[in-house]
$ cat coords.pdb   # PDB, C-alpha atoms
ATOM      1  CA  ALA A   1      24.715  -2.639 -69.639  1.00  0.00           C
ATOM      2  CA  LYS A   2      25.907  -5.028 -66.920  1.00  0.00           C
ATOM      3  CA  ALA A   3      24.734  -2.664 -64.168  1.00  0.00           C
ATOM      4  CA  GLN A   4      21.265  -2.398 -65.752  1.00  0.00           C
ATOM      5  CA  ALA A   5      21.023  -6.191 -66.169  1.00  0.00           C
ATOM      6  CA  ASP A   6      22.053  -6.688 -62.526  1.00  0.00           C
ATOM      7  CA  CYS A   7      19.462  -4.114 -61.515  1.00  0.00           C
ATOM      8  CA  LYS A   8      16.650  -5.856 -63.393  1.00  0.00           C
ATOM      9  CA  ARG A   9      17.551  -9.134 -61.664  1.00  0.00           C
ATOM     10  CA  LEU A  10      17.691  -7.484 -58.225  1.00  0.00           C
ATOM     11  CA  LEU A  11      14.309  -5.788 -58.622  1.00  0.00           C
ATOM     12  CA  ALA A  12      12.534  -8.653 -60.432  1.00  0.00           C
ATOM     13  CA  GLY A  13       9.304  -9.590 -58.701  1.00  0.00           C
ATOM     14  CA  LEU A  14       9.145  -6.425 -56.598  1.00  0.00           C
ATOM     15  CA  ASP A  15       6.150  -4.108 -56.890  1.00  0.00           C
ATOM     16  CA  ILE A  16       8.182  -1.145 -58.097  1.00  0.00           C
ATOM     17  CA  GLN A  17       7.622   1.034 -61.156  1.00  0.00           C
ATOM     18  CA  PHE A  18      10.825   2.470 -62.561  1.00  0.00           C
ATOM     19  CA  GLU A  19      12.617   3.445 -65.719  1.00  0.00           C
ATOM     20  CA  PRO A  20      16.281   2.642 -66.352  1.00  0.00           C
ATOM     21  CA  LEU A  21      18.479   5.717 -66.682  1.00  0.00           C
ATOM     22  CA  ALA A  22      21.724   6.228 -68.524  1.00  0.00           C
ATOM     23  CA  PRO A  23      24.737   5.956 -66.219  1.00  0.00           C
ATOM     24  CA  ILE A  24      25.060   9.031 -64.014  1.00  0.00           C
ATOM     25  CA  GLY A  25      28.457  10.672 -63.482  1.00  0.00           C
ATOM     26  CA  LYS A  26      31.896   9.167 -63.954  1.00  0.00           C
ATOM     27  CA  GLU A  27      33.720   6.304 -62.275  1.00  0.00           C
ATOM     28  CA  GLY A  28      35.330   7.524 -59.058  1.00  0.00           C
ATOM     29  CA  GLY A  29      33.033  10.560 -58.885  1.00  0.00           C
ATOM     30  CA  CYS A  30      29.376  11.288 -58.355  1.00  0.00           C
ATOM     31  CA  GLY A  31      26.738   8.988 -59.780  1.00  0.00           C
ATOM     32  CA  THR A  32      26.312   5.299 -60.518  1.00  0.00           C
ATOM     33  CA  PRO A  33      26.322   3.084 -63.603  1.00  0.00           C
ATOM     34  CA  GLY A  34      23.015   1.411 -62.658  1.00  0.00           C
ATOM     35  CA  ALA A  35      20.624   4.268 -62.040  1.00  0.00           C
ATOM     36  CA  ILE A  36      16.850   4.091 -62.216  1.00  0.00           C
ATOM     37  CA  MET A  37      13.993   6.574 -61.805  1.00  0.00           C
ATOM     38  CA  ILE A  38      11.401   5.266 -59.325  1.00  0.00           C
ATOM     39  CA  SER A  39       7.832   6.507 -59.824  1.00  0.00           C
ATOM     40  CA  SER A  40       5.958   4.224 -57.415  1.00  0.00           C
ATOM     41  CA  ILE A  41       6.346   1.352 -55.007  1.00  0.00           C
ATOM     42  CA  ALA A  42       3.441  -0.933 -54.068  1.00  0.00           C
ATOM     43  CA  ASP A  43       0.914   1.643 -55.347  1.00  0.00           C
ATOM     44  CA  VAL A  44       2.605   4.429 -53.364  1.00  0.00           C
ATOM     45  CA  ALA A  45       3.704   7.285 -55.634  1.00  0.00           C
ATOM     46  CA  ILE A  46       7.182   8.736 -55.213  1.00  0.00           C
ATOM     47  CA  GLU A  47       6.569  12.452 -55.851  1.00  0.00           C
ATOM     48  CA  PRO A  48       8.460  13.623 -57.777  1.00  0.00           C
ATOM     49  CA  PRO A  49      10.013  10.395 -59.073  1.00  0.00           C
ATOM     50  CA  ALA A  50      13.419   9.724 -57.505  1.00  0.00           C
ATOM     51  CA  GLU A  51      16.737   8.653 -58.956  1.00  0.00           C
ATOM     52  CA  ALA A  52      18.214   5.694 -57.099  1.00  0.00           C
ATOM     53  CA  ASN A  53      20.767   2.965 -57.440  1.00  0.00           C
ATOM     54  CA  CYS A  54      19.231  -0.500 -57.484  1.00  0.00           C
ATOM     55  CA  ALA A  55      20.315  -1.683 -54.034  1.00  0.00           C
ATOM     56  CA  PHE A  56      18.795   1.462 -52.539  1.00  0.00           C
ATOM     57  CA  ALA A  57      15.617   0.932 -54.595  1.00  0.00           C
ATOM     58  CA  GLU A  58      15.296  -2.596 -53.224  1.00  0.00           C
ATOM     59  CA  ALA A  59      15.622  -1.380 -49.613  1.00  0.00           C
ATOM     60  CA  LEU A  60      13.165   1.456 -50.287  1.00  0.00           C
ATOM     61  CA  HIS A  61      10.677  -1.042 -51.720  1.00  0.00           C
ATOM     62  CA  HIS A  62      10.840  -3.222 -48.629  1.00  0.00           C
ATOM     63  CA  TRP A  63      10.466  -0.237 -46.296  1.00  0.00           C
ATOM     64  CA  VAL A  64       7.492   1.270 -48.178  1.00  0.00           C
ATOM     65  CA  ALA A  65       5.684  -2.025 -48.833  1.00  0.00           C
ATOM     66  CA  TRP A  66       6.378  -3.809 -45.566  1.00  0.00           C
ATOM     67  CA  SER A  67       6.616  -0.941 -43.075  1.00  0.00           C
ATOM     68  CA  ALA A  68       5.232   2.429 -44.133  1.00  0.00           C
ATOM     69  CA  LYS A  69       2.039   1.125 -45.771  1.00  0.00           C
ATOM     70  CA  PRO A  70       1.089  -1.232 -42.912  1.00  0.00           C
ATOM     71  CA  ALA A  71       2.060   1.388 -40.292  1.00  0.00           C
ATOM     72  CA  ALA A  72      -0.259   3.953 -41.919  1.00  0.00           C
ATOM     73  CA  MET A  73      -3.180   1.544 -41.624  1.00  0.00           C
ATOM     74  CA  GLU A  74      -2.263   0.529 -38.084  1.00  0.00           C
ATOM     75  CA  HIS A  75      -1.611   3.978 -36.637  1.00  0.00           C
ATOM     76  CA  LEU A  76      -3.773   6.232 -38.803  1.00  0.00           C
ATOM     77  CA  LYS A  77      -6.359   3.903 -40.349  1.00  0.00           C
ATOM     78  CA  LYS A  78      -5.409   5.416 -43.719  1.00  0.00           C
ATOM     79  CA  LYS A  79      -3.983   4.082 -46.962  1.00  0.00           C
ATOM     80  CA  LEU A  80      -0.558   5.519 -47.753  1.00  0.00           C
ATOM     81  CA  THR A  81      -0.517   6.763 -51.355  1.00  0.00           C
ATOM     82  CA  ALA A  82       2.497   9.105 -51.656  1.00  0.00           C
ATOM     83  CA  VAL A  83       6.022   9.662 -50.388  1.00  0.00           C
ATOM     84  CA  ARG A  84       7.335  13.182 -51.045  1.00  0.00           C
ATOM     85  CA  ASN A  85      10.863  13.155 -52.434  1.00  0.00           C
ATOM     86  CA  ALA A  86      12.543  16.250 -50.968  1.00  0.00           C
ATOM     87  CA  SER A  87      15.927  15.284 -52.443  1.00  0.00           C
ATOM     88  CA  ALA A  88      17.357  12.271 -54.243  1.00  0.00           C
ATOM     89  CA  TYR A  89      20.428  12.485 -56.516  1.00  0.00           C
ATOM     90  CA  ALA A  90      22.578  15.567 -55.971  1.00  0.00           C
ATOM     91  CA  CYS A  91      26.325  15.684 -56.616  1.00  0.00           C
ATOM     92  CA  ARG A  92      27.266  17.431 -53.381  1.00  0.00           C
ATOM     93  CA  ARG A  93      29.039  17.070 -50.066  1.00  0.00           C
ATOM     94  CA  ARG A  94      27.283  16.214 -46.803  1.00  0.00           C
ATOM     95  CA  ASN A  95      24.943  18.971 -45.621  1.00  0.00           C
ATOM     96  CA  ASN A  96      25.869  21.023 -48.716  1.00  0.00           C
ATOM     97  CA  SER A  97      29.223  21.811 -47.117  1.00  0.00           C
ATOM     98  CA  ALA A  98      32.086  23.285 -49.148  1.00  0.00           C
ATOM     99  CA  SER A  99      34.449  20.568 -47.866  1.00  0.00           C
ATOM    100  CA  GLY A 100      34.351  17.129 -46.304  1.00  0.00           C
ATOM    101  CA  LYS A 101      32.938  13.780 -47.340  1.00  0.00           C
ATOM    102  CA  MET A 102      30.571  13.384 -50.241  1.00  0.00           C
ATOM    103  CA  SER A 103      26.911  12.851 -49.411  1.00  0.00           C
ATOM    104  CA  GLN A 104      25.277   9.530 -50.257  1.00  0.00           C
ATOM    105  CA  HIS A 105      22.977  11.647 -52.442  1.00  0.00           C
ATOM    106  CA  ALA A 106      26.010  12.029 -54.721  1.00  0.00           C
ATOM    107  CA  PHE A 107      26.063   8.261 -55.284  1.00  0.00           C
ATOM    108  CA  VAL A 108      22.322   7.948 -56.010  1.00  0.00           C
ATOM    109  CA  ASN A 109      22.152   6.100 -52.678  1.00  0.00           C
ATOM    110  CA  ALA A 110      19.900   8.328 -50.541  1.00  0.00           C
ATOM    111  CA  LEU A 111      16.476   9.895 -50.281  1.00  0.00           C
ATOM    112  CA  ASP A 112      15.112  12.742 -48.179  1.00  0.00           C
ATOM    113  CA  ILE A 113      11.428  12.396 -47.295  1.00  0.00           C
ATOM    114  CA  SER A 114       9.484  15.446 -46.135  1.00  0.00           C
ATOM    115  CA  THR A 115       5.817  14.437 -46.403  1.00  0.00           C
ATOM    116  CA  LEU A 116       3.657  11.338 -46.674  1.00  0.00           C
ATOM    117  CA  GLY A 117       0.246  11.499 -48.357  1.00  0.00           C
ATOM    118  CA  PHE A 118      -2.887   9.427 -47.874  1.00  0.00           C
ATOM    119  CA  GLU A 119      -5.839   8.301 -49.978  1.00  0.00           C
ATOM    120  CA  ASP A 120      -8.221  10.778 -48.324  1.00  0.00           C
ATOM    121  CA  GLY A 121      -6.065  13.705 -49.489  1.00  0.00           C
ATOM    122  CA  SER A 122      -4.541  14.358 -46.071  1.00  0.00           C
ATOM    123  CA  SER A 123      -0.824  14.258 -45.355  1.00  0.00           C
ATOM    124  CA  THR A 124       1.680  14.203 -42.554  1.00  0.00           C
ATOM    125  CA  THR A 125       4.883  16.202 -42.587  1.00  0.00           C
ATOM    126  CA  ILE A 126       8.056  15.316 -40.771  1.00  0.00           C
ATOM    127  CA  LYS A 127       8.532  18.929 -39.666  1.00  0.00           C
ATOM    128  CA  GLY A 128       4.959  19.539 -38.543  1.00  0.00           C
ATOM    129  CA  ASP A 129       3.916  16.193 -37.098  1.00  0.00           C
ATOM    130  CA  TRP A 130       7.006  14.852 -35.365  1.00  0.00           C
ATOM    131  CA  SER A 131       6.169  14.384 -31.633  1.00  0.00           C
ATOM    132  CA  GLY A 132       6.777  17.132 -29.081  1.00  0.00           C
ATOM    133  CA  LEU A 133       3.948  19.642 -28.721  1.00  0.00           C
ATOM    134  CA  LYS A 134       1.884  17.910 -31.416  1.00  0.00           C
ATOM    135  CA  GLN A 135       1.453  14.885 -29.140  1.00  0.00           C
ATOM    136  CA  LEU A 136      -0.053  17.129 -26.477  1.00  0.00           C
ATOM    137  CA  ILE A 137      -2.739  18.447 -28.822  1.00  0.00           C
ATOM    138  CA  ASN A 138      -4.165  15.088 -29.866  1.00  0.00           C
ATOM    139  CA  ASN A 139      -1.806  14.275 -32.713  1.00  0.00           C
ATOM    140  CA  VAL A 140      -0.478  11.088 -31.182  1.00  0.00           C
ATOM    141  CA  GLY A 141      -1.489   9.027 -34.250  1.00  0.00           C
ATOM    142  CA  LYS A 142       0.745  10.933 -36.666  1.00  0.00           C
ATOM    143  CA  SER A 143       3.591  11.077 -34.176  1.00  0.00           C
ATOM    144  CA  SER A 144       3.418   7.362 -33.454  1.00  0.00           C
ATOM    145  CA  PHE A 145       3.206   6.613 -37.194  1.00  0.00           C
ATOM    146  CA  LEU A 146       6.321   8.686 -37.893  1.00  0.00           C
ATOM    147  CA  ALA A 147       8.189   7.139 -34.959  1.00  0.00           C
ATOM    148  CA  ARG A 148       7.315   3.646 -36.213  1.00  0.00           C
ATOM    149  CA  ILE A 149       8.427   4.228 -39.803  1.00  0.00           C
ATOM    150  CA  ARG A 150      11.617   5.919 -38.618  1.00  0.00           C
ATOM    151  CA  ARG A 151      12.399   2.952 -36.355  1.00  0.00           C
ATOM    152  CA  ASP A 152      11.690   0.519 -39.189  1.00  0.00           C
ATOM    153  CA  ALA A 153      13.861   2.552 -41.568  1.00  0.00           C
ATOM    154  CA  CYS A 154      16.752   1.916 -39.180  1.00  0.00           C
ATOM    155  CA  ILE A 155      16.386  -1.793 -39.932  1.00  0.00           C
ATOM    156  CA  ARG A 156      16.454  -1.374 -43.728  1.00  0.00           C
ATOM    157  CA  PHE A 157      18.966   1.473 -44.148  1.00  0.00           C
ATOM    158  CA  THR A 158      22.425   2.089 -42.721  1.00  0.00           C
ATOM    159  CA  THR A 159      21.778   5.789 -42.088  1.00  0.00           C
ATOM    160  CA  VAL A 160      18.553   7.341 -40.846  1.00  0.00           C
ATOM    161  CA  LEU A 161      18.580  10.986 -39.782  1.00  0.00           C
ATOM    162  CA  GLY A 162      15.629  13.155 -38.857  1.00  0.00           C
ATOM    163  CA  PRO A 163      14.327  15.614 -36.275  1.00  0.00           C
ATOM    164  CA  GLY A 164      16.656  15.761 -33.283  1.00  0.00           C
ATOM    165  CA  SER A 165      19.683  14.318 -35.086  1.00  0.00           C
ATOM    166  CA  ASP A 166      21.210  17.646 -36.138  1.00  0.00           C
ATOM    167  CA  PRO A 167      20.116  21.066 -37.449  1.00  0.00           C
ATOM    168  CA  TYR A 168      20.207  19.871 -41.068  1.00  0.00           C
ATOM    169  CA  HIS A 169      17.555  17.141 -40.713  1.00  0.00           C
ATOM    170  CA  GLY A 170      14.845  18.772 -38.595  1.00  0.00           C
ATOM    171  CA  ASP A 171      12.223  18.809 -41.344  1.00  0.00           C
ATOM    172  CA  HIS A 172      12.753  15.492 -43.131  1.00  0.00           C
ATOM    173  CA  PHE A 173      13.957  11.921 -42.841  1.00  0.00           C
ATOM    174  CA  HIS A 174      17.241  11.218 -44.617  1.00  0.00           C
ATOM    175  CA  ILE A 175      17.736   7.536 -45.454  1.00  0.00           C
ATOM    176  CA  ASP A 176      20.729   5.967 -47.181  1.00  0.00           C
ATOM    177  CA  LEU A 177      22.775   2.803 -47.605  1.00  0.00           C
ATOM    178  CA  ALA A 178      26.257   4.127 -46.787  1.00  0.00           C
ATOM    179  CA  ARG A 179      28.841   1.395 -46.289  1.00  0.00           C
ATOM    180  CA  ARG A 180      30.952   1.829 -43.177  1.00  0.00           C
ATOM    181  CA  LYS A 181      33.700  -0.138 -41.488  1.00  0.00           C
ATOM    182  CA  GLY A 182      32.432  -2.976 -39.343  1.00  0.00           C
ATOM    183  CA  GLY A 183      28.854  -2.552 -40.585  1.00  0.00           C
ATOM    184  CA  TYR A 184      28.410   0.554 -38.418  1.00  0.00           C
ATOM    185  CA  ARG A 185      24.931   2.106 -38.683  1.00  0.00           C
ATOM    186  CA  ILE A 186      23.583   5.536 -37.745  1.00  0.00           C
ATOM    187  CA  CYS A 187      19.987   5.854 -36.532  1.00  0.00           C
ATOM    188  CA  GLN A 188      19.191   9.295 -35.098  1.00  0.00           C
TER     189      GLN A 188
END

$ encode --input "coords.pdb" --output "structure tokens"
Amino acid sequence: AKAQADCKRLLAGLDIQFEPLAPIGKEGGCGTPGAIMISSIADVAIEPPAEANCAFAEALHHWVAWSAKPAAMEHLKKKLTAVRNASAYACRRRNNSASGKMSQHAFVNALDISTLGFEDGSSTTIKGDWSGLKQLINNVGKSSFLARIRRDACIRFTTVLGPGSDPYHGDHFHIDLARRKGGYRICQ
């Protein structure tokens, strides 16, 4: 109950549609006591809705509302209407490994984004529209849009991984709020 009350206070006044969830997991394991299911942020649908802890939801709100939406208009002259949730909560280790550290997905503290959709029905995919050859065949708008929102994600989140970071993140952006010693951040 305390976690849900804290969550409501943290998200009060933000343009975010969500439903409170029962606590996920157990203390010391996967999950969080203050989980929510986010369905949209600033009129941008999260498809399918994503489980998140409230601090992550707040950061996601700021990134969608203050970065991704304006960047879509600036770079593509299109209204952003959807963020495709490729993975949210999953009680698993990093990169689905059999050993090692737990993923931030396990703590309802991460989101993988594969596609962004626009009001005209078009979309951009991280895998298909991320720079490289696409820039050479007149796709600079989508590439510059993706580069901008990735850069801005690095301001809001403590981990941002995507194409070029490693073989596991070549087709999506992974964003999370992992806490590390000394405030260390990863932006790749």

$ closest_residue --input "coords.pdb" --among "A:Asp166, A:Ala5, A:Gly117, A:Leu111" --to "A:Pro49" --atoms "only C-alpha atoms"
A:Leu111

$ closest_atom_pairs --input "coords.pdb" --of "stretch 5-92 of chain A" --to "stretch 140-150 of chain A" --cutoff "9 Å" --atoms "all atoms listed in the file" --output "Markdown table"
| residue | atom | partner | partner_atom | distance |
| --- | --- | --- | --- | --- |
| A:Trp63 | CA | A:Ile149 | CA | 8.1 |
| A:Val64 | CA | A:Ile149 | CA | 8.9 |
| A:Ser67 | CA | A:Ile149 | CA | 6.4 |
| A:Ala68 | CA | A:Ile149 | CA | 5.7 |
| A:Ala71 | CA | A:Phe145 | CA | 6.2 |
| A:Ala72 | CA | A:Phe145 | CA | 6.4 |
| A:Glu74 | CA | A:Phe145 | CA | 8.2 |
| A:His75 | CA | A:Phe145 | CA | 5.5 |
| A:Leu76 | CA | A:Gly141 | CA | 5.8 |

$ residues_around --input "coords.pdb" --residues "A:Gly29" --least-positions-apart "4" --cutoff "10 Å" --atoms "all atoms listed in the file" --output "ChimeraX atom specification"
/A:24-25,91,102,106-107

$ closest_residue --input "coords.pdb" --among "A:Lys77, A:Lys127, A:Arg156, A:Arg151" --to "A:Asp171" --atoms "only C-alpha atoms"
A:Lys127

$ resolve_selection --input "coords.pdb" --expression "the PyMOL selection byres ((chain A and resi 23) around 9)" --output "list in words"
Ala3, Leu21, Ala22, Ile24, Gly25, Lys26, Gly31, Thr32, Pro33, Gly34 and Ala35 of chain A

$ residues_near_point --input "coords.pdb" --point "(19.2, 5.3, -35.9)" --cutoff "6 Å" --atoms "only C-alpha atoms" --output "mmCIF file with C-alpha atoms, in the coordinates of the input"
data_model
loop_
_atom_site.group_PDB
_atom_site.id
_atom_site.type_symbol
_atom_site.label_atom_id
_atom_site.label_comp_id
_atom_site.auth_asym_id
_atom_site.auth_seq_id
_atom_site.Cartn_x
_atom_site.Cartn_y
_atom_site.Cartn_z
ATOM 1 C CA CYS A 154 16.752 1.916 -39.180
ATOM 2 C CA VAL A 160 18.553 7.341 -40.846
ATOM 3 C CA ILE A 186 23.583 5.536 -37.745
ATOM 4 C CA CYS A 187 19.987 5.854 -36.532
ATOM 5 C CA GLN A 188 19.191 9.295 -35.098
#

$ resolve_selection --input "coords.pdb" --expression "the PyMOL selection byres ((chain A and resi 164) around 12)" --output "number ranges by chain"
A: 126-127, 130-132, 160-163, 165-173, 187-188

$ residues_around --input "coords.pdb" --residues "A:His105" --least-positions-apart "5" --cutoff "7 Å" --atoms "all atoms listed in the file" --output "list of chain:residue names"
A:Ala88, A:Tyr89, A:Ala90, A:Cys91, A:Ala110

$ residues_around --input "coords.pdb" --residues "A:Glu47" --least-positions-apart "4" --cutoff "9 Å" --atoms "all atoms listed in the file" --output "number ranges by chain"
A: 39-40, 82-86
